[in-house]
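Novice: Structure below; questions to follow.
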Amino acid sequence: MSRDLSMQARASVFVALTHMAVADGRLDPEEVEALRAAAELLELRDVGLTDLRGAAVDTGKGPPSLAKLPFEERAIAVAWAAWLACADYRATMAEEAMLARIAVQAGLDPPLAEELAVLAWQIRLLSPEGMTPGEELATLRSSVLELLDERVSRSADSSEVVA
């Protein structure tokens with residue numbers, strides 16, 4: 001995530017990720033580790049992860065709006081949420097529904113959100129053994145930025161053909 005984001009914006013991304021982590025009604029050790037890695041990459045300190053396992057997270061209001069974040073950051077947040085959905089190597093229907101809600105809150109169109117989810121799941125499921133959650137999330141961030149650049153290039157190429 002960009003260091004240019006305010007603390008409040010980074011906290012909103014983290015809150016969205018916590019909604020994803022508890023979407024299936026439980027918080028697995030892999031999800032706690034993933035939240036720790038995300039907090040570190042978001043440069044958030046003291047987010048209370050020590051006692052998070054087994055703690056109640058208020059998901060009644062749903063994930064926060066991410067619509068005011070820059071487009072790239074919204075895409076990364078959705079990809080990270082998708083990655084978190086399979087942090088325990090399984091994605092439940094509840095997690096997929098939460099991912100859709102987060103994508104809506106980020107203002108991303110469904111085809112892009114689906115493409116980001118596929119990318120996230122590929123990185124999670126195919127990453128080499130020994131790769132840490134933080135390394136996977138950093139790899140995913142870079143991959144999302146590359147994907148967005150490719151989409152812009154394809155769009156520019158298409159408009160040149162039409163013109």
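Every chain in the structure tokens has a letter given in the order shown (A, B, ...), and although residue numbers restart at 1 in each chain, ligands are simply numbered from 1 in the order shown.
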Residues of chain A classed as helix (DSSP H, G or I) by DSSP on the backbone are to be reported as a ChimeraX atom specification.
Specialist: /A:7-21,29-41,71-85,93-105,110-126,133-162
Novice: Can you pull out the residues contacting A:Ala106? Cut-off 12 Å, using only C-alpha atoms, and skip same-chain residues under 3 positions away; I want them as a PDB file with C-alpha atoms, in the first residue's frame.
Specialist:
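Final file, out-v9.pdb:
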```pdb
ATOM      1  CA  ALA A   9      -7.428   5.075   4.780  1.00  0.00           C
ATOM      2  CA  SER A  12     -10.194   1.262   6.556  1.00  0.00           C
ATOM      3  CA  VAL A  13      -8.396  -1.278   4.386  1.00  0.00           C
ATOM      4  CA  ALA A  16     -12.222  -4.509   5.468  1.00  0.00           C
ATOM      5  CA  PRO A  63     -17.006  -3.510   5.491  1.00  0.00           C
ATOM      6  CA  PRO A  64     -16.139   0.186   5.293  1.00  0.00           C
ATOM      7  CA  SER A  65     -16.289   2.164   2.082  1.00  0.00           C
ATOM      8  CA  LEU A  66     -13.013   2.215   0.212  1.00  0.00           C
ATOM      9  CA  ALA A  67     -14.349   4.339  -2.646  1.00  0.00           C
ATOM     10  CA  LYS A  68     -12.270   7.415  -1.775  1.00  0.00           C
ATOM     11  CA  LEU A  69      -8.976   5.561  -2.051  1.00  0.00           C
ATOM     12  CA  PRO A  70      -6.950   5.841  -5.263  1.00  0.00           C
ATOM     13  CA  PHE A  71      -8.021   3.229  -7.822  1.00  0.00           C
ATOM     14  CA  GLU A  72      -4.828   1.152  -7.530  1.00  0.00           C
ATOM     15  CA  GLU A  73      -5.140   0.996  -3.745  1.00  0.00           C
ATOM     16  CA  ARG A  74      -8.776  -0.116  -4.006  1.00  0.00           C
ATOM     17  CA  ALA A  75      -7.746  -2.896  -6.390  1.00  0.00           C
ATOM     18  CA  ILE A  76      -4.963  -4.001  -4.038  1.00  0.00           C
ATOM     19  CA  ALA A  77      -7.382  -4.007  -1.093  1.00  0.00           C
ATOM     20  CA  VAL A  78      -9.827  -6.243  -2.978  1.00  0.00           C
ATOM     21  CA  ALA A  79      -7.017  -8.572  -4.077  1.00  0.00           C
ATOM     22  CA  ALA A  81      -9.258  -9.579   0.701  1.00  0.00           C
ATOM     23  CA  LEU A  99     -15.465 -10.403  -1.045  1.00  0.00           C
ATOM     24  CA  ALA A 100     -18.266  -9.237  -3.319  1.00  0.00           C
ATOM     25  CA  ARG A 101     -19.338  -6.696  -0.653  1.00  0.00           C
ATOM     26  CA  ILE A 102     -15.776  -5.414  -0.295  1.00  0.00           C
ATOM     27  CA  ALA A 103     -15.473  -5.065  -4.079  1.00  0.00           C
ATOM     28  CA  ASP A 109     -16.706  -3.603 -11.421  1.00  0.00           C
ATOM     29  CA  PRO A 110     -17.406  -7.347 -11.017  1.00  0.00           C
ATOM     30  CA  LEU A 112     -12.152  -6.722 -12.473  1.00  0.00           C
ATOM     31  CA  ALA A 113     -12.926  -7.959  -8.960  1.00  0.00           C
TER      32      ALA A 113
END
```
Novice: Might you pull out every residue within 12 Å of A:Leu125, with only C-alpha atoms counted and same-chain residues fewer than 2 positions away left off, and present them as JSON, numbers by chain?
Specialist: {"A": [82, 83, 84, 85, 86, 87, 88, 89, 90, 91, 117, 118, 119, 120, 121, 122, 123, 127, 128, 129, 131, 133, 136]}
Novice: Let me make sure I understand: among A:Ala38, A:Leu108, A:Leu27, A:Leu148, which one has the smallest atom-to-atom distance to A:Val15 if we use only C-alpha atoms?
Specialist: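 For A:Val15, the nearest of the candidates is A:Ala38.
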Novice: For atom CA of A:Gly107 and atom CA of A:Ala138, quote the distance in Å rounded to one decimal.
Specialist: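 That distance, rounded to one decimal, is 22.4 Å.
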Novice: Nearest to A:His19 among A:Leu41, A:Ala156, A:Leu137, A:Leu35, with distances taken over only C-alpha atoms: which residue is it?
Specialist: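 For A:His19, the nearest of the given residues is A:Leu35.
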Novice: Which residue out of A:Glu135, A:Glu31, A:Glu43, A:Glu146 has the minimum interatomic distance to A:Arg10 when only C-alpha atoms are used?
Specialist: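 Going through A:Glu135, A:Glu31, A:Glu43, A:Glu146 one by one, the smallest distance to A:Arg10 is for A:Glu43.
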Novice: Have a look at A:Met98, A:Leu145, A:Leu140, A:Leu116 and name the one nearest to A:Gly62; count only C-alpha atoms.
Specialist: A:Met98
Novice: At what distance in Å, to one decimal, does atom CA of A:Ala23 lie from atom CA of A:Ala94?
Specialist: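 Computing it gives 5.8 Å between the two atoms.
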Novice: In Å, how far is it from atom CA of A:Thr18 to atom CA of A:Thr139?
Specialist: 20.3 Å
Novice: So, with only C-alpha atoms as the atoms that count, which of A:Val144, A:Val152, A:Ala34, A:Leu44 lies closest to A:Leu17?
Specialist: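 Selected residue with least distance to A:Leu17: A:Ala34.
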Novice: Using only C-alpha atoms, find the one residue out of A:Trp80, A:Lys61, A:Ala37, A:Met7 that sits nearest to A:Ser142.
Specialist: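 Ranking A:Trp80, A:Lys61, A:Ala37, A:Met7 by distance to A:Ser142, first place goes to A:Trp80.
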